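Chemist: Following this line is input_27.pdb, made up of PDB, C-alpha atoms:
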ATOM      1  CA  MET Y   1      -6.878  34.269   4.859  1.00  0.00           C
ATOM      2  CA  GLU Y   2      -4.084  34.572   7.418  1.00  0.00           C
ATOM      3  CA  HIS Y   3      -6.005  32.377   9.867  1.00  0.00           C
ATOM      4  CA  ALA Y   4      -6.394  29.668   7.222  1.00  0.00           C
ATOM      5  CA  LEU Y   5      -2.652  29.708   6.567  1.00  0.00           C
ATOM      6  CA  GLU Y   6      -1.908  29.449  10.275  1.00  0.00           C
ATOM      7  CA  LYS Y   7      -4.228  26.443  10.528  1.00  0.00           C
ATOM      8  CA  LYS Y   8      -2.550  24.812   7.536  1.00  0.00           C
ATOM      9  CA  VAL Y   9       0.930  25.393   8.996  1.00  0.00           C
ATOM     10  CA  ALA Y  10      -0.177  23.963  12.345  1.00  0.00           C
ATOM     11  CA  TYR Y  11      -1.600  20.888  10.602  1.00  0.00           C
ATOM     12  CA  LEU Y  12       1.601  20.380   8.601  1.00  0.00           C
ATOM     13  CA  GLU Y  13       3.703  20.724  11.751  1.00  0.00           C
ATOM     14  CA  PHE Y  14       1.510  18.104  13.422  1.00  0.00           C
ATOM     15  CA  ILE Y  15       1.912  15.708  10.478  1.00  0.00           C
ATOM     16  CA  ASN Y  16       5.656  16.321  10.427  1.00  0.00           C
ATOM     17  CA  ASP Y  17       5.903  15.495  14.140  1.00  0.00           C
ATOM     18  CA  GLN Y  18       3.888  12.301  13.637  1.00  0.00           C
ATOM     19  CA  LEU Y  19       6.059  11.162  10.729  1.00  0.00           C
ATOM     20  CA  LEU Y  20       9.270  11.969  12.576  1.00  0.00           C
ATOM     21  CA  SER Y  21       8.099   9.956  15.581  1.00  0.00           C
ATOM     22  CA  GLU Y  22       7.207   7.014  13.347  1.00  0.00           C
ATOM     23  CA  ILE Y  23      10.584   7.101  11.586  1.00  0.00           C
ATOM     24  CA  GLN Y  24      12.408   7.211  14.917  1.00  0.00           C
ATOM     25  CA  TYR Y  25      10.335   4.278  16.182  1.00  0.00           C
ATOM     26  CA  VAL Y  26      11.053   2.160  13.087  1.00  0.00           C
ATOM     27  CA  ASP Y  27      14.752   3.067  13.287  1.00  0.00           C
ATOM     28  CA  ARG Y  28      14.840   1.930  16.918  1.00  0.00           C
ATOM     29  CA  LEU Y  29      13.078  -1.344  16.073  1.00  0.00           C
ATOM     30  CA  LEU Y  30      15.485  -2.085  13.242  1.00  0.00           C
ATOM     31  CA  LYS Y  31      18.448  -1.543  15.545  1.00  0.00           C
ATOM     32  CA  LEU Y  32      16.901  -3.864  18.134  1.00  0.00           C
ATOM     33  CA  ILE Y  33      16.525  -6.689  15.614  1.00  0.00           C
ATOM     34  CA  GLY Y  34      20.087  -6.467  14.371  1.00  0.00           C
ATOM     35  CA  PHE Y  35      20.439  -3.756  11.761  1.00  0.00           C
ATOM     36  CA  PRO Y  36      23.358  -1.795  13.248  1.00  0.00           C
ATOM     37  CA  ASP Y  37      22.520   1.573  11.722  1.00  0.00           C
ATOM     38  CA  GLY Y  38      18.760   1.094  11.545  1.00  0.00           C
ATOM     39  CA  LEU Y  39      17.173   2.754   8.543  1.00  0.00           C
ATOM     40  CA  GLU Y  40      20.539   3.582   6.994  1.00  0.00           C
ATOM     41  CA  THR Y  41      21.389  -0.138   6.911  1.00  0.00           C
ATOM     42  CA  ILE Y  42      18.062  -0.971   5.272  1.00  0.00           C
ATOM     43  CA  LYS Y  43      18.445   1.815   2.715  1.00  0.00           C
ATOM     44  CA  SER Y  44      21.912   0.602   1.767  1.00  0.00           C
ATOM     45  CA  ALA Y  45      20.705  -2.985   1.425  1.00  0.00           C
ATOM     46  CA  ALA Y  46      17.762  -1.898  -0.732  1.00  0.00           C
ATOM     47  CA  GLN Y  47      20.052   0.135  -3.003  1.00  0.00           C
ATOM     48  CA  GLU Y  48      22.357  -2.873  -3.439  1.00  0.00           C
ATOM     49  CA  VAL Y  49      19.418  -5.102  -4.378  1.00  0.00           C
ATOM     50  CA  MET Y  50      18.150  -2.542  -6.881  1.00  0.00           C
ATOM     51  CA  GLU Y  51      21.608  -2.204  -8.440  1.00  0.00           C
ATOM     52  CA  GLU Y  52      21.947  -5.994  -8.734  1.00  0.00           C
ATOM     53  CA  GLU Y  53      18.534  -6.212 -10.392  1.00  0.00           C
ATOM     54  CA  GLN Y  54      19.502  -3.516 -12.889  1.00  0.00           C
ATOM     55  CA  GLU Y  55      22.697  -5.382 -13.757  1.00  0.00           C
ATOM     56  CA  THR Y  56      20.750  -8.550 -14.543  1.00  0.00           C
ATOM     57  CA  GLU Y  57      18.303  -6.811 -16.874  1.00  0.00           C
TER      58      GLU Y  57
END
Translate this structure into structure tokens?
Modeler:
Amino acid sequence: MEHALEKKVAYLEFINDQLLSEIQYVDRLLKLIGFPDGLETIKSAAQEVMEEEQETE
């Protein structure tokens, strides 16, 4: 049982590392194409669009 948990934790750590790398890569790309704060800029823009859509409904 303990071995199975260790394998699961190792797998989850691997997935976490992969996702973190992907997020960092996308953040870097966004900054390169003109979004000053990368993902934060995109998140803010998306929230504004969603709020505007809710106001028009």
Chemist: Please put the answer as JSON: centre and edge lengths, in Å with one decimal, of a box along x, y and z that encloses all listed atoms of stretch 13-25 of chain Y plus 3 Å on each side.
Modeler:
{"center_x": 7.0, "center_y": 12.5, "center_z": 13.3, "size_x": 16.9, "size_y": 22.4, "size_z": 11.8}
Chemist: Using the chain letters and numbers from this file, what does the PyMOL selection byres ((chain Y and resi 39) around 12) select? Give the answer as a list in words.
Modeler: Glu22, Ile23, Gln24, Tyr25, Val26, Asp27, Arg28, Leu29, Leu30, Lys31, Leu32, Ile33, Gly34, Phe35, Pro36, Asp37, Gly38, Glu40, Thr41, Ile42, Lys43, Ser44, Ala45 and Ala46 of chain Y
Chemist: Record the distance separating atom CA of Y:Ile15 and atom CA of Y:Glu2, expressed in Å with one decimal.
Modeler: 20.0 Å
Chemist: Rounded to one decimal, what separation in Å do you get between atom CA of Y:Gln47 and atom CA of Y:Asp17?
Modeler: 27.0 Å
